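*Asks:* Next comes work.csv, CSV, C-alpha atoms:
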chain,number,residue,atom,x,y,z
A,7,MET,CA,-0.1,15.6,-57.9
A,8,THR,CA,0.7,12.3,-59.5
A,9,THR,CA,-0.9,9.0,-58.7
A,10,GLN,CA,2.4,7.9,-57.2
A,11,GLY,CA,2.4,11.1,-55.0
A,12,PHE,CA,-1.1,10.3,-53.6
A,13,ALA,CA,0.0,6.7,-53.0
A,14,LEU,CA,3.0,7.9,-51.0
A,15,ILE,CA,0.9,10.2,-48.9
A,16,ARG,CA,-1.6,7.4,-48.2
A,17,ASN,CA,1.3,5.1,-47.1
A,18,VAL,CA,2.8,7.7,-44.8
A,19,MET,CA,-0.6,8.4,-43.2
A,20,ALA,CA,-1.2,4.7,-42.7
A,21,LEU,CA,2.2,4.3,-41.0
A,22,LEU,CA,1.4,7.3,-38.8
A,23,ALA,CA,-1.9,5.8,-37.8
A,24,LEU,CA,-0.3,2.4,-37.1
A,25,SER,CA,2.3,4.2,-35.0
A,26,VAL,CA,-0.3,6.0,-32.9
A,27,SER,CA,-2.3,2.8,-32.5
A,28,VAL,CA,0.8,0.8,-31.3
A,29,SER,CA,1.8,3.7,-29.0
A,30,ALA,CA,-1.7,3.8,-27.5
A,31,PHE,CA,-1.9,0.1,-26.8
A,32,SER,CA,1.7,-0.3,-25.6
A,33,GLN,CA,1.1,1.8,-22.5
A,34,ASN,CA,2.1,-0.4,-19.5
A,35,VAL,CA,0.1,-0.5,-16.3
A,36,VAL,CA,3.0,0.5,-14.0
A,37,ILE,CA,2.0,0.3,-10.4
A,38,SER,CA,4.2,1.8,-7.7
A,39,THR,CA,4.4,-0.8,-4.8
A,40,GLY,CA,6.6,-1.3,-1.8
A,41,ALA,CA,9.8,-3.1,-1.2
A,42,SER,CA,10.6,-5.9,-3.7
A,43,GLY,CA,9.2,-9.2,-2.5
A,44,ASN,CA,6.9,-7.7,0.1
A,45,THR,CA,3.0,-7.7,0.1
A,46,TYR,CA,2.3,-5.0,-2.5
A,47,ASP,CA,5.0,-6.2,-4.9
A,48,THR,CA,3.8,-9.8,-4.7
A,49,MET,CA,0.1,-9.0,-5.1
A,50,VAL,CA,0.7,-6.9,-8.2
A,51,LYS,CA,2.7,-9.7,-9.8
A,52,GLN,CA,-0.1,-12.1,-9.0
A,53,LEU,CA,-2.7,-9.7,-10.5
A,54,ALA,CA,-0.5,-9.4,-13.6
A,55,ALA,CA,-0.4,-13.2,-14.0
A,56,VAL,CA,-4.2,-13.3,-14.4
A,57,CYS,CA,-4.9,-9.9,-16.0
A,58,GLN,CA,-2.2,-8.6,-18.3
A,59,SER,CA,-3.0,-11.0,-21.2
A,60,GLU,CA,-6.7,-10.3,-20.8
A,61,ILE,CA,-6.3,-6.5,-20.9
A,62,GLY,CA,-3.6,-6.7,-23.5
A,63,ARG,CA,-1.1,-4.6,-21.5
A,64,PRO,CA,1.8,-5.5,-19.2
A,65,ILE,CA,1.1,-4.9,-15.6
A,66,ILE,CA,4.4,-4.0,-13.9
A,67,SER,CA,5.3,-3.6,-10.3
A,68,LYS,CA,7.7,-0.7,-9.6
A,69,PRO,CA,9.1,-1.1,-6.1
A,70,SER,CA,9.4,1.9,-3.8
A,71,SER,CA,10.4,2.8,-0.3
A,72,GLY,CA,6.8,3.0,0.7
A,73,SER,CA,3.5,4.9,0.4
A,74,MET,CA,5.1,8.4,0.7
A,75,GLU,CA,7.3,7.7,-2.4
A,76,SER,CA,4.4,6.2,-4.2
A,77,VAL,CA,2.3,9.3,-3.7
A,78,ASP,CA,5.2,11.4,-4.9
A,79,ARG,CA,5.4,9.3,-8.1
A,80,LEU,CA,1.6,9.8,-8.7
A,81,LEU,CA,1.8,13.6,-8.1
A,82,ASN,CA,4.8,13.8,-10.5
A,83,ASN,CA,3.0,11.6,-13.1
A,84,GLU,CA,5.8,9.1,-13.0
A,85,VAL,CA,3.4,6.2,-12.7
A,86,PRO,CA,-0.4,5.9,-13.5
A,87,ALA,CA,-1.1,3.8,-10.4
A,88,ALA,CA,0.1,3.0,-6.9
A,89,ILE,CA,-0.8,1.0,-3.9
A,90,VAL,CA,-0.8,3.2,-0.8
A,91,GLN,CA,-2.1,3.3,2.7
A,92,ALA,CA,-5.4,5.1,3.3
A,93,ASP,CA,-4.0,6.9,6.4
A,94,VAL,CA,-1.1,8.2,4.3
A,95,LEU,CA,-3.5,9.7,1.8
A,96,THR,CA,-5.6,11.3,4.5
A,97,PHE,CA,-2.8,13.0,6.2
A,98,ARG,CA,-0.8,13.8,3.1
A,99,SER,CA,-3.8,15.6,1.7
A,100,GLN,CA,-3.4,18.2,4.5
A,101,GLN,CA,-0.1,19.2,2.9
A,102,ASP,CA,-0.6,18.6,-0.8
A,103,ASP,CA,-3.4,18.9,-3.3
A,104,LEU,CA,-4.4,15.2,-4.0
A,105,SER,CA,-7.6,16.1,-5.9
A,106,ARG,CA,-6.2,14.2,-9.0
A,107,VAL,CA,-5.5,11.0,-7.0
A,108,LYS,CA,-8.5,8.6,-7.1
A,109,ALA,CA,-9.1,5.1,-5.7
A,110,LEU,CA,-9.5,2.4,-8.3
A,111,PHE,CA,-10.3,-0.3,-5.7
A,112,THR,CA,-9.7,-1.3,-2.1
A,113,LEU,CA,-7.4,-4.1,-1.4
A,114,HIS,CA,-6.7,-5.5,2.1
A,115,ALA,CA,-6.2,-4.3,5.7
A,116,GLU,CA,-2.6,-3.2,6.5
A,117,GLU,CA,-1.7,-4.2,10.0
A,118,VAL,CA,0.5,-2.1,12.3
A,119,HIS,CA,3.6,-4.1,13.4
A,120,VAL,CA,5.3,-2.9,16.6
A,121,LEU,CA,8.5,-4.9,17.0
A,122,ALA,CA,10.9,-5.0,19.9
A,123,LEU,CA,13.8,-7.2,21.1
A,124,SER,CA,12.6,-10.0,23.4
A,125,GLN,CA,14.8,-8.7,26.2
A,126,THR,CA,14.9,-5.0,26.7
A,127,GLN,CA,15.9,-2.6,29.4
A,128,LYS,CA,13.8,-0.7,31.9
A,129,LEU,CA,14.3,3.0,31.8
A,130,GLY,CA,17.4,3.8,33.8
A,131,GLY,CA,18.2,0.1,34.1
A,132,LEU,CA,20.5,-2.4,32.5
A,133,TRP,CA,19.8,-4.6,29.5
A,134,GLY,CA,18.2,-7.9,30.4
A,135,ILE,CA,18.1,-7.1,34.2
A,136,GLY,CA,14.7,-7.0,35.9
A,137,GLY,CA,12.8,-8.4,32.9
A,138,SER,CA,11.2,-6.6,30.0
A,139,ALA,CA,9.7,-3.2,30.4
A,140,LEU,CA,8.0,-3.4,27.0
A,141,ASN,CA,4.7,-5.2,27.1
A,142,SER,CA,2.6,-3.1,24.8
A,143,LEU,CA,2.6,0.1,22.7
A,144,ALA,CA,1.8,2.1,25.8
A,145,ASP,CA,5.2,1.2,27.3
A,146,LEU,CA,7.0,3.0,24.5
A,147,ARG,CA,6.3,6.4,26.2
A,148,GLU,CA,9.5,8.5,26.1
A,149,ARG,CA,11.2,5.7,24.0
A,150,LYS,CA,12.7,5.9,20.5
A,151,VAL,CA,10.6,4.2,17.8
A,152,GLY,CA,12.1,3.7,14.3
A,153,ALA,CA,10.0,3.8,11.2
A,154,TRP,CA,10.6,4.2,7.4
A,155,GLY,CA,8.7,4.9,4.2
A,156,GLY,CA,5.0,5.4,4.7
A,157,SER,CA,5.3,3.9,8.1
A,158,PHE,CA,7.1,7.0,9.3
A,159,LEU,CA,3.9,9.0,8.8
A,160,THR,CA,1.8,6.3,10.4
A,161,ALA,CA,4.1,6.3,13.4
A,162,GLN,CA,3.5,10.1,13.8
A,163,VAL,CA,-0.3,9.7,13.5
A,164,ILE,CA,-0.4,6.9,16.1
A,165,ARG,CA,1.9,8.9,18.4
A,166,LEU,CA,-0.5,11.8,18.3
A,167,GLN,CA,-3.8,9.9,18.2
A,168,SER,CA,-2.8,7.5,21.0
A,169,GLU,CA,-1.3,10.3,23.1
A,170,ILE,CA,1.7,8.1,23.8
A,171,GLY,CA,4.7,10.4,23.8
A,172,PHE,CA,7.3,8.2,22.0
A,173,HIS,CA,9.9,9.7,19.8
A,174,VAL,CA,9.8,8.7,16.1
A,175,VAL,CA,13.2,8.2,14.4
A,176,GLU,CA,13.1,8.1,10.6
A,177,LEU,CA,15.2,5.3,9.1
A,178,ALA,CA,16.1,4.4,5.5
A,179,ASP,CA,14.7,0.9,5.1
A,180,GLU,CA,14.0,-2.5,6.7
A,181,ALA,CA,17.7,-3.4,6.8
A,182,SER,CA,18.8,-0.2,8.6
A,183,ALA,CA,15.8,-0.4,10.9
A,184,LEU,CA,16.7,-3.9,12.1
A,185,LYS,CA,20.3,-2.9,12.5
A,186,ALA,CA,19.2,0.1,14.6
A,187,LEU,CA,17.0,-2.2,16.8
A,188,ARG,CA,19.8,-4.7,17.2
A,189,ASP,CA,22.3,-1.9,18.1
A,190,LYS,CA,19.7,-0.6,20.6
A,191,SER,CA,19.8,2.9,19.0
A,192,VAL,CA,16.0,2.6,18.9
A,193,ASP,CA,13.7,0.7,21.4
A,194,ALA,CA,11.2,-0.6,18.9
A,195,LEU,CA,10.2,-0.5,15.2
A,196,LEU,CA,6.8,0.5,13.8
A,197,SER,CA,5.9,-0.8,10.3
A,198,VAL,CA,2.6,-1.0,8.4
A,199,GLY,CA,2.1,-3.8,6.0
A,200,GLY,CA,-0.2,-6.7,5.1
A,201,SER,CA,0.8,-9.7,7.2
A,202,PRO,CA,2.6,-11.9,6.9
A,203,GLN,CA,5.4,-9.4,6.2
A,204,ALA,CA,8.4,-11.2,4.6
A,205,TRP,CA,11.0,-9.3,6.7
A,206,VAL,CA,9.2,-10.3,9.9
A,207,VAL,CA,8.8,-13.9,8.9
A,208,GLY,CA,12.6,-14.0,8.5
A,209,LEU,CA,13.2,-13.1,12.2
A,210,ASP,CA,13.7,-15.4,15.2
A,211,ARG,CA,12.5,-15.3,18.7
A,212,LYS,CA,15.1,-12.7,19.7
A,213,PHE,CA,12.3,-10.3,18.5
A,214,ARG,CA,8.7,-10.0,19.5
A,215,LEU,CA,5.6,-8.0,18.5
A,216,LEU,CA,4.1,-5.6,21.1
A,217,PRO,CA,0.3,-5.5,21.2
A,218,ILE,CA,-1.8,-2.4,21.0
A,219,THR,CA,-4.3,-2.8,23.8
A,220,ASP,CA,-8.1,-2.1,23.6
A,221,ALA,CA,-7.6,1.2,25.5
A,222,ASP,CA,-5.1,2.5,22.9
A,223,ALA,CA,-6.9,1.1,19.9
A,224,ALA,CA,-10.1,3.0,21.0
A,225,LYS,CA,-8.1,6.2,20.7
A,226,LEU,CA,-7.1,5.3,17.1
A,227,LYS,CA,-10.6,4.2,15.8
A,228,GLY,CA,-11.1,7.4,13.8
A,229,VAL,CA,-8.3,6.3,11.5
A,230,TYR,CA,-7.6,2.6,12.1
A,231,ARG,CA,-9.6,-0.5,12.9
A,232,PRO,CA,-8.9,-3.4,15.2
A,233,ALA,CA,-6.8,-6.3,13.8
A,234,ARG,CA,-4.6,-9.2,15.0
A,235,LEU,CA,-1.2,-10.6,14.0
A,236,SER,CA,0.2,-14.1,14.1
A,237,TYR,CA,3.8,-15.2,13.4
A,238,ALA,CA,4.8,-18.7,14.1
A,239,ASN,CA,8.5,-17.9,13.8
A,240,LEU,CA,8.1,-15.5,16.7
A,241,GLY,CA,5.9,-17.9,18.7
A,242,GLN,CA,3.1,-15.3,18.8
A,243,THR,CA,-0.6,-15.7,17.7
A,244,GLY,CA,-3.5,-13.3,17.9
A,245,VAL,CA,-1.4,-10.3,18.9
A,246,GLN,CA,-3.8,-7.2,19.2
A,247,THR,CA,-3.0,-4.4,16.8
A,248,VAL,CA,-4.8,-1.9,14.4
A,249,ALA,CA,-4.9,-1.6,10.7
A,250,THR,CA,-5.5,0.8,7.8
A,251,ASP,CA,-6.6,-0.1,4.3
A,252,ALA,CA,-4.4,-0.5,1.3
A,253,LEU,CA,-5.8,1.2,-1.8
A,254,LEU,CA,-4.9,0.9,-5.4
A,255,VAL,CA,-5.0,4.6,-6.4
A,256,VAL,CA,-4.6,6.2,-9.8
A,257,ARG,CA,-4.2,9.6,-11.4
A,258,ASP,CA,-7.5,11.0,-12.6
A,259,TYR,CA,-6.8,10.6,-16.3
A,260,LYS,CA,-9.5,11.7,-18.8
A,261,THR,CA,-8.1,10.7,-22.1
A,262,PRO,CA,-9.8,7.7,-23.7
A,263,THR,CA,-6.6,5.6,-23.9
A,264,MET,CA,-5.6,6.1,-20.2
A,265,SER,CA,-9.2,5.9,-18.9
A,266,ALA,CA,-9.8,2.6,-20.8
A,267,MET,CA,-6.5,1.2,-19.4
A,268,LEU,CA,-7.5,1.8,-15.8
A,269,SER,CA,-11.1,0.7,-16.3
A,270,GLN,CA,-10.0,-2.6,-17.9
A,271,THR,CA,-7.6,-3.2,-15.0
A,272,ARG,CA,-10.4,-2.6,-12.4
A,273,ALA,CA,-12.8,-4.8,-14.4
A,274,CYS,CA,-10.3,-7.6,-14.6
A,275,PHE,CA,-9.6,-7.4,-10.8
A,276,VAL,CA,-13.3,-7.7,-10.1
A,277,ARG,CA,-13.8,-10.7,-12.5
A,278,HIS,CA,-10.8,-12.6,-11.2
A,279,LEU,CA,-10.8,-11.8,-7.4
A,280,THR,CA,-12.1,-15.3,-6.5
A,281,GLU,CA,-9.4,-16.9,-8.7
A,282,LEU,CA,-6.7,-14.7,-7.0
A,283,GLN,CA,-8.0,-15.8,-3.6
A,284,GLU,CA,-8.2,-19.5,-4.4
A,285,SER,CA,-5.0,-20.0,-6.4
A,286,PRO,CA,-2.6,-22.0,-4.3
A,287,GLY,CA,0.6,-20.1,-3.4
A,288,ASN,CA,-1.0,-16.6,-3.8
A,289,HIS,CA,-0.5,-14.1,-1.0
A,290,ALA,CA,-2.6,-14.7,2.0
A,291,LYS,CA,-3.9,-11.1,1.9
A,292,TRP,CA,-6.1,-11.8,-1.1
A,293,GLN,CA,-8.3,-13.6,1.4
A,294,SER,CA,-9.2,-10.4,3.1
A,295,VAL,CA,-10.0,-8.4,-0.1
A,296,SER,CA,-13.8,-7.8,-0.4
A,297,LEU,CA,-15.6,-6.0,-3.2
A,298,SER,CA,-18.1,-4.7,-0.7
A,299,VAL,CA,-15.5,-2.6,1.1
A,300,GLN,CA,-15.7,1.0,-0.2
A,301,PRO,CA,-12.5,3.1,-0.3
A,302,LYS,CA,-12.4,5.9,2.2
A,303,TRP,CA,-11.2,8.2,-0.6
A,304,PRO,CA,-12.8,9.5,-3.8
A,305,SER,CA,-13.2,6.8,-6.4
A,306,TYR,CA,-12.0,6.9,-10.0
A,307,VAL,CA,-14.8,7.1,-12.6
A,308,ASP,CA,-13.9,6.5,-16.3
A,309,LEU,CA,-15.0,8.7,-19.2
A,310,THR,CA,-18.0,6.5,-20.1
A,311,ALA,CA,-19.1,6.3,-16.5
A,312,ARG,CA,-19.0,10.1,-16.2
A,313,SER,CA,-21.8,10.5,-18.7
A,314,THR,CA,-23.7,7.2,-18.3
A,315,ARG,CA,-23.2,5.7,-14.9
A,316,PRO,CA,-25.6,6.9,-12.1
A,317,ALA,CA,-24.1,8.3,-9.0
A,318,GLY,CA,-23.7,5.8,-6.2
A,319,ASN,CA,-22.7,2.9,-8.5
A,320,ARG,CA,-20.7,0.4,-6.5
A,321,LEU,CA,-17.4,0.7,-8.4
A,322,GLY,CA,-17.7,4.3,-9.4
A,323,ARG,CA,-19.1,5.9,-6.3
A,324,GLN,CA,-17.6,9.3,-5.5
A,325,VAL,CA,-16.9,9.7,-1.8
A,326,PRO,CA,-17.5,13.1,-0.4
Could you quickly redo this structure as structure tokens?
*Replies:*
Amino acid sequence: MTTQGFALIRNVMALLALSVSVSAFSQNVVISTGASGNTYDTMVKQLAAVCQSEIGRPIISKPSSGSMESVDRLLNNEVPAAIVQADVLTFRSQQDDLSRVKALFTLHAEEVHVLALSQTQKLGGLWGIGGSALNSLADLRERKVGAWGGSFLTAQVIRLQSEIGFHVVELADEASALKALRDKSVDALLSVGGSPQAWVVGLDRKFRLLPITDADAAKLKGVYRPARLSYANLGQTGVQTVATDALLVVRDYKTPTMSAMLSQTRACFVRHLTELQESPGNHAKWQSVSLSVQPKWPSYVDLTARSTRPAGNRLGRQVP
């Protein structure tokens, strides 16, 4: 082969190497979130603002209808990461193999919002006559409760765990849920999300939150923990409820490129958590994120950690 031939081969090989390098480092950190503008979507965009230049990759929020769709995206390898509710993972694992889904880190508590009209009817009565029959979750027995996305599964879990026999009606999204409540085709809505929820903030005092009393919360403690809600627009503060944890979960990638991408994202989150909490205008839910809270789900461990990090490390601990 001539000198020119060898030079041509070297140039082609160099171009191929460059192409592989560019491809490897152009992988975006796409995170399946919730509805556009809501808690998950907002927090991912704020995480991207401080981390994507540091890790050298775009961090992109991909809105979804909720945790159920986000789990589907992970299982189908459509996204490398997603924010989902811990209770959805726990109960979805009874139906699907989620062994490849791991927790990268724990975010915040996700409060259960039970919303009703301020004036509702008693069973067998007329609207607005005789006062409200709905004073708490317990009063929804034999009533229709609308839910959508991951909240549909949560509603089913709460119905069974609390032993309150309400009927869960699956709805498409927030808009159709509010329409169903206004039209009185459902008696209440049940939604899970980090407060303040944008769609709830936009409501007036024609709506109100129903509390989950201590007695009912005690029946839910195996899956949920006590929490409180306050919405000035509804004129309500300290409303008793329960919450599950929001987890940023990922597929259990083993290739060096994907493993490095996820590990860099986690490391940046740890380094900049205080900045995310203290930056004016950032979502209020950053305040409740704590590095000491372990996910109630097996944690992601990168390739290096698999061989060098001792079991029980705070950020790489495998949960039985």
*Asks:* Need the shell around segment 67-71 of chain A: protein/DNA/RNA residues with any atom at most 7 Å away, counting all atoms listed in the file. Skip same-chain ones fewer than 2 positions apart. Format as number ranges by chain?
*Replies:* A: 36-42, 47, 50-51, 65, 75-76, 155
*Asks:* Please compute the atom CA of Lys108 of chain A-atom CA of Gln203 of chain A distance, one decimal, in Å.
*Replies:*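 Computing it gives 26.3 Å between the two atoms.
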*Asks:* Can you tell me, as JSON, numbers by chain, what residues are no more than 6 Å from segment 186-195 of chain A when counting all atoms listed in the file, ignoring any on the same chain fewer than 3 positions away?
*Replies:* {"A": [120, 121, 122, 150, 151, 152, 153, 183]}
*Asks:* Any idea what's packed within 10 Å of Asn239 of chain A, counting all atoms listed in the file, ignoring anything in its chain fewer than 6 positions away? Could you give it as a list in words?
*Replies:*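 The contact residues come out as Val206, Val207, Gly208, Leu209, Asp210, Arg211, Phe213 and Arg214 of chain A.
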*Asks:* Could you write out the selected residues, including C-alpha atoms, as a PDB file, in the coordinates of the input?
*Replies:*
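Result written to selection.pdb:
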ATOM      1  CA  VAL A 206       9.200 -10.300   9.900  1.00  0.00           C
ATOM      2  CA  VAL A 207       8.800 -13.900   8.900  1.00  0.00           C
ATOM      3  CA  GLY A 208      12.600 -14.000   8.500  1.00  0.00           C
ATOM      4  CA  LEU A 209      13.200 -13.100  12.200  1.00  0.00           C
ATOM      5  CA  ASP A 210      13.700 -15.400  15.200  1.00  0.00           C
ATOM      6  CA  ARG A 211      12.500 -15.300  18.700  1.00  0.00           C
ATOM      7  CA  PHE A 213      12.300 -10.300  18.500  1.00  0.00           C
ATOM      8  CA  ARG A 214       8.700 -10.000  19.500  1.00  0.00           C
TER       9      ARG A 214
END
*Asks:* Would you compute the distance between atom CA of Leu196 of chain A and atom CA of His119 of chain A? Give it in Å to one decimal.
*Replies:*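 Distance between the two atoms: 5.6 Å.
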*Asks:* Determine, counting only C-alpha atoms, which protein, DNA and RNA residues have an atom within 9 Å of an atom of Lys291 of chain A; residues of the same chain fewer than 4 positions away are not included. Present the result as a tab-separated table (two decimals) with C-alpha atoms, in the coordinates of the input.
*Replies:*
chain	number	residue	atom	x	y	z
A	45	THR	CA	3.00	-7.70	0.10
A	49	MET	CA	0.10	-9.00	-5.10
A	113	LEU	CA	-7.40	-4.10	-1.40
A	114	HIS	CA	-6.70	-5.50	2.10
A	115	ALA	CA	-6.20	-4.30	5.70
A	200	GLY	CA	-0.20	-6.70	5.10
A	201	SER	CA	0.80	-9.70	7.20
A	202	PRO	CA	2.60	-11.90	6.90
A	283	GLN	CA	-8.00	-15.80	-3.60
A	295	VAL	CA	-10.00	-8.40	-0.10
*Asks:* Counting only C-alpha atoms, which of A:Gln246, A:Ser197, A:Asn83, A:Ser73 gets nearest to Thr219 of chain A?
*Replies:*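 Ranked by minimum distance to Thr219 of chain A, first place goes to A:Gln246.
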*Asks:* For Gln125 of chain A, which of A:Val56, A:Ala290, A:Ile164, A:Leu140 is the closest residue, counting all atoms listed in the file?
*Replies:*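 Result for the nearest residue to Gln125 of chain A: A:Leu140.
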